[in-house]
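Asks: I'd like to ask some things about the structure below.
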Amino acid sequence: MWEFKVRTSQRPRPLPTGHWAMTQRWNDLLFAHWRVPLSQVAKLLPDGLQVDTFQGSAWLGVVPFWMDRIKLRGVPPIPGARSFPELNLRTYVRDQQTGTPGVYFFSLDAGSLLAVAAARTFYHLPYYWAEMRLEQRSEREFDCFSRRRFVNRPVIFRARYRGLGPSHKLIESRSDTIEYFLTERYCLFSCDSAGRLVRANIHHVPWPLEEAEAEIERNDLAEAIGIELPDQEPVLHYSRRLAVYVWPAEQVRRILATGRTPVVVAPSG
């Protein structure tokens, strides 16, 4: 339960103060990432965030996986929210004032209605209830299907993916690699109902990444937010499992101008 005490050296910043609020385990993840024009992403971000880039490009990621071992601090296990599949559409950002790197979710689909309601209420994340299946075909091979419920236009994702096993190249991501840029991020940004920027800190050990293969038959997620994915193969990674610790969501406080010269944050990569 106290995995974060074992390894924190990969974090760009110290652990947050206070107690974590929730633990969960993410399993059998596919990371599929596409380069997209910075301008397409920037226009969709809330005030206070800027696009983080690698090699001059913004990146859009589609990540299917399944979640289990969900535990709220001080609360018994909740029936109906112990294990369920999830699918998210994400990009990579920085707080404009502090330069803090993080993840911004455009959408998250989940097979648990209870989890959707809780995440929308306590973390202000754009979750949707979906009909979802994540079926294991072999040790590292999966079929994924998701169809968003109660929407005017179908939002469907269908893919088969497989991890190719650990490799020396990906034993640990260095800070100058695409793998580090895409995965070693320790806060999630969202907006509350009043449009104010909200941040939730997270912690985990470095992602145990593998190279991957995938056949993506249908992917409506980017189109649903008005982004057209390029006609090129995505950058693919797989990870078997990872324990994650999540702190309570908090409003991002704006720093009043003092007349000092602002710090310029250089893009990653």
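Starting from 1 in every chain, residues are counted up; chains themselves are A, B, ... following the order of the structure tokens, and ligands are numbered from 1 as listed.
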Mind checking DSSP for stretch 51-165 of chain A and telling me the helix (DSSP H, G or I) residues as a compact mmCIF listing (two decimals) with N, CA and C atoms, in the first residue's frame?
Replies:
# COMPACT_ATOMS: atom_id res chain seq x y z
N LEU A 113 -20.93 2.83 -14.14
CA LEU A 113 -21.68 4.07 -13.96
C LEU A 113 -21.32 4.73 -12.63
N LEU A 114 -21.09 3.94 -11.59
CA LEU A 114 -20.73 4.49 -10.29
C LEU A 114 -19.39 5.22 -10.37
N ALA A 115 -18.42 4.64 -11.06
CA ALA A 115 -17.12 5.28 -11.21
C ALA A 115 -17.23 6.58 -12.00
N VAL A 116 -18.06 6.58 -13.04
CA VAL A 116 -18.27 7.78 -13.84
C VAL A 116 -18.83 8.90 -12.96
N ALA A 117 -19.85 8.60 -12.17
CA ALA A 117 -20.47 9.62 -11.32
C ALA A 117 -19.48 10.15 -10.29
N ALA A 118 -18.70 9.25 -9.68
CA ALA A 118 -17.76 9.68 -8.64
C ALA A 118 -16.65 10.55 -9.23
N ALA A 119 -16.11 10.15 -10.38
CA ALA A 119 -15.02 10.91 -10.99
C ALA A 119 -15.48 12.29 -11.45
N ARG A 120 -16.71 12.36 -11.96
CA ARG A 120 -17.24 13.67 -12.38
C ARG A 120 -17.46 14.57 -11.16
N THR A 121 -17.92 13.98 -10.06
CA THR A 121 -18.24 14.76 -8.87
C THR A 121 -17.00 15.25 -8.14
N PHE A 122 -16.04 14.36 -7.90
CA PHE A 122 -14.92 14.68 -7.03
C PHE A 122 -13.68 15.16 -7.78
N TYR A 123 -13.55 14.78 -9.07
CA TYR A 123 -12.35 15.17 -9.82
C TYR A 123 -12.67 15.99 -11.07
Asks: Please list as a PyMOL selection string every residue within 9 Å of A:Pro46, counting only C-alpha atoms and excluding residues in the same chain fewer than 2 positions away.
Replies: chain A and resi 42-44+48-50+190-191+195-197
Asks: Quick one: write out the picked residues with N, CA and C atoms as a short mmCIF file (atom, residue, chain, number, x, y, z; two decimals), in the first residue's frame?
Replies:
data_model
loop_
_atom_site.label_atom_id
_atom_site.label_comp_id
_atom_site.auth_asym_id
_atom_site.auth_seq_id
_atom_site.Cartn_x
_atom_site.Cartn_y
_atom_site.Cartn_z
N ALA A 42 -4.25 23.38 -28.80
CA ALA A 42 -4.24 24.58 -27.97
C ALA A 42 -5.62 25.22 -27.87
N LYS A 43 -6.38 25.22 -28.97
CA LYS A 43 -7.68 25.88 -28.96
C LYS A 43 -8.70 25.15 -28.09
N LEU A 44 -8.42 23.91 -27.68
CA LEU A 44 -9.34 23.13 -26.87
C LEU A 44 -9.00 23.14 -25.39
N GLY A 48 -5.18 28.88 -18.55
CA GLY A 48 -4.23 28.47 -17.53
C GLY A 48 -3.34 27.31 -17.94
N LEU A 49 -3.67 26.65 -19.05
CA LEU A 49 -2.86 25.54 -19.54
C LEU A 49 -2.28 25.87 -20.91
N GLN A 50 -1.08 25.34 -21.18
CA GLN A 50 -0.48 25.46 -22.49
C GLN A 50 -0.05 24.07 -22.96
N SER A 190 -8.07 19.41 -14.89
CA SER A 190 -9.45 19.43 -15.38
C SER A 190 -10.06 20.78 -15.01
N CYS A 191 -11.32 20.97 -15.30
CA CYS A 191 -12.03 22.21 -14.95
C CYS A 191 -13.28 21.86 -14.16
N GLY A 195 -15.72 26.51 -14.43
CA GLY A 195 -14.66 26.79 -15.40
C GLY A 195 -13.30 27.06 -14.79
N ARG A 196 -13.14 26.81 -13.49
CA ARG A 196 -11.86 27.04 -12.83
C ARG A 196 -10.95 25.82 -12.99
N LEU A 197 -9.68 26.09 -13.17
CA LEU A 197 -8.71 25.02 -13.38
C LEU A 197 -8.50 24.24 -12.08
#
Asks: As an exercise, work out the distance from atom CA of A:Asn201 to atom CA of A:Tyr245 in Å and give it to one decimal place.
Replies: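 Interatomic distance, atom CA of A:Asn201 to atom CA of A:Tyr245: 8.5 Å.
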Asks: Write out as an mmCIF file with N, CA and C atoms, in the first residue's frame each polymer residue whose atoms come within 8 Å of A:Leu30, counting only C-alpha atoms; drop sequence neighbours fewer than 5 positions from it.
Replies:
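Saved to selection21.cif:
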data_model
loop_
_atom_site.group_PDB
_atom_site.id
_atom_site.type_symbol
_atom_site.label_atom_id
_atom_site.label_comp_id
_atom_site.auth_asym_id
_atom_site.auth_seq_id
_atom_site.Cartn_x
_atom_site.Cartn_y
_atom_site.Cartn_z
ATOM 1 N N VAL A 62 -4.564 7.768 -27.063
ATOM 2 C CA VAL A 62 -5.726 6.932 -26.768
ATOM 3 C C VAL A 62 -5.231 5.770 -25.921
ATOM 4 N N VAL A 63 -5.854 5.577 -24.743
ATOM 5 C CA VAL A 63 -5.331 4.606 -23.789
ATOM 6 C C VAL A 63 -6.466 3.727 -23.252
ATOM 7 N N PRO A 64 -6.609 2.504 -23.768
ATOM 8 C CA PRO A 64 -7.538 1.539 -23.160
ATOM 9 C C PRO A 64 -6.814 0.695 -22.107
ATOM 10 N N PHE A 65 -7.549 0.325 -21.052
ATOM 11 C CA PHE A 65 -6.996 -0.527 -19.999
ATOM 12 C C PHE A 65 -8.135 -0.979 -19.101
ATOM 13 N N TYR A 161 -4.840 -5.386 -29.467
ATOM 14 C CA TYR A 161 -3.451 -4.978 -29.225
ATOM 15 C C TYR A 161 -2.725 -6.044 -28.427
ATOM 16 N N ALA A 212 4.773 -2.503 -28.512
ATOM 17 C CA ALA A 212 3.449 -3.087 -28.726
ATOM 18 C C ALA A 212 3.091 -3.086 -30.203
ATOM 19 N N LEU A 236 3.338 3.217 -30.339
ATOM 20 C CA LEU A 236 2.644 2.241 -29.499
ATOM 21 C C LEU A 236 3.517 1.752 -28.350
ATOM 22 N N HIS A 237 2.906 1.643 -27.186
ATOM 23 C CA HIS A 237 3.540 1.017 -26.030
ATOM 24 C C HIS A 237 2.477 0.214 -25.277
ATOM 25 N N TYR A 238 2.951 -0.734 -24.483
ATOM 26 C CA TYR A 238 2.075 -1.549 -23.641
ATOM 27 C C TYR A 238 2.666 -1.576 -22.245
ATOM 28 N N SER A 239 1.792 -1.645 -21.228
ATOM 29 C CA SER A 239 2.256 -1.836 -19.866
ATOM 30 C C SER A 239 1.330 -2.819 -19.158
#
Asks: A:Ile227, A:Leu72, A:Leu108, A:Leu89: which is nearest A:Trp20, counting only C-alpha atoms?
Replies: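 Under the stated criterion, the closest residue is A:Leu72.
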Asks: Which distance in Å separates atom CA of A:Phe181 and atom CA of A:Ile70, to one decimal?
Replies: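 If I compute the distance from atom CA of A:Phe181 to atom CA of A:Ile70, I get 26.3 Å.
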Asks: With distances taken over only C-alpha atoms, which of A:Gln251, A:Gln232, A:Gln97, A:Ser83 is nearest to A:Ala32?
Replies: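 Nearest to A:Ala32: A:Gln232.
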Asks: Using only C-alpha atoms, which residue out of A:Tyr127, A:Glu135, A:Gly102, A:Gly111 lies closest to A:Glu184?
Replies: A:Gly102
Asks: Which distance in Å separates atom CA of A:Arg69 and atom CA of A:Ile202, to one decimal?
Replies: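 Computed distance, atom CA of A:Arg69 to atom CA of A:Ile202, equals 15.8 Å.
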Asks: When DSSP is applied to the backbone of this structure, which of stretch 80-259 of chain A are assigned strand (DSSP E)? Write them out as a ChimeraX atom specification.
Replies: /A:83-95,101-110,127-138,141-148,156-163,187-191,197-203,209-219,235-246,250-251
Asks: With distances taken over only C-alpha atoms, which residue among A:Met132, A:Pro234, A:Leu209, A:Val198 lies nearest A:Val36?
Replies: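 Smallest distance to A:Val36 is found for A:Pro234.
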Asks: Residues within 8 Å of A:Phe106, please, as a list in words. Count only C-alpha atoms; anything in the same chain fewer than 2 positions from it doesn't count.
Replies: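 Counting only the stated atoms, we get Asn88, Leu89, Arg90, Thr91, Tyr104, Leu108, Pro126 and Ile225 of chain A.
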Asks: Would you output that residue set with N, CA and C atoms, as a PDB file, in the first residue's frame?
Replies:
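Output contents, as saved in out.pdb:
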ATOM      1  N   ASN A  88      -9.318   6.336 -22.384  1.00  0.00           N
ATOM      2  CA  ASN A  88      -9.232   7.788 -22.313  1.00  0.00           C
ATOM      3  C   ASN A  88      -8.532   8.390 -23.520  1.00  0.00           C
ATOM      4  N   LEU A  89      -8.895   9.647 -23.774  1.00  0.00           N
ATOM      5  CA  LEU A  89      -8.283  10.466 -24.815  1.00  0.00           C
ATOM      6  C   LEU A  89      -7.592  11.617 -24.099  1.00  0.00           C
ATOM      7  N   ARG A  90      -6.282  11.759 -24.306  1.00  0.00           N
ATOM      8  CA  ARG A  90      -5.494  12.664 -23.475  1.00  0.00           C
ATOM      9  C   ARG A  90      -4.462  13.428 -24.301  1.00  0.00           C
ATOM     10  N   THR A  91      -4.012  14.532 -23.726  1.00  0.00           N
ATOM     11  CA  THR A  91      -2.885  15.258 -24.291  1.00  0.00           C
ATOM     12  C   THR A  91      -2.006  15.725 -23.145  1.00  0.00           C
ATOM     13  N   TYR A 104      -3.926  16.282 -19.589  1.00  0.00           N
ATOM     14  CA  TYR A 104      -5.263  16.852 -19.713  1.00  0.00           C
ATOM     15  C   TYR A 104      -6.119  15.874 -20.500  1.00  0.00           C
ATOM     16  N   LEU A 108     -13.022  10.501 -21.027  1.00  0.00           N
ATOM     17  CA  LEU A 108     -12.741   9.216 -20.394  1.00  0.00           C
ATOM     18  C   LEU A 108     -14.018   8.402 -20.439  1.00  0.00           C
ATOM     19  N   PRO A 126     -14.066  14.606 -17.430  1.00  0.00           N
ATOM     20  CA  PRO A 126     -15.133  14.407 -18.421  1.00  0.00           C
ATOM     21  C   PRO A 126     -15.375  12.932 -18.739  1.00  0.00           C
ATOM     22  N   ILE A 225     -14.063  15.390 -30.669  1.00  0.00           N
ATOM     23  CA  ILE A 225     -13.675  16.708 -30.140  1.00  0.00           C
ATOM     24  C   ILE A 225     -13.181  17.629 -31.252  1.00  0.00           C
TER      25      ILE A 225
END
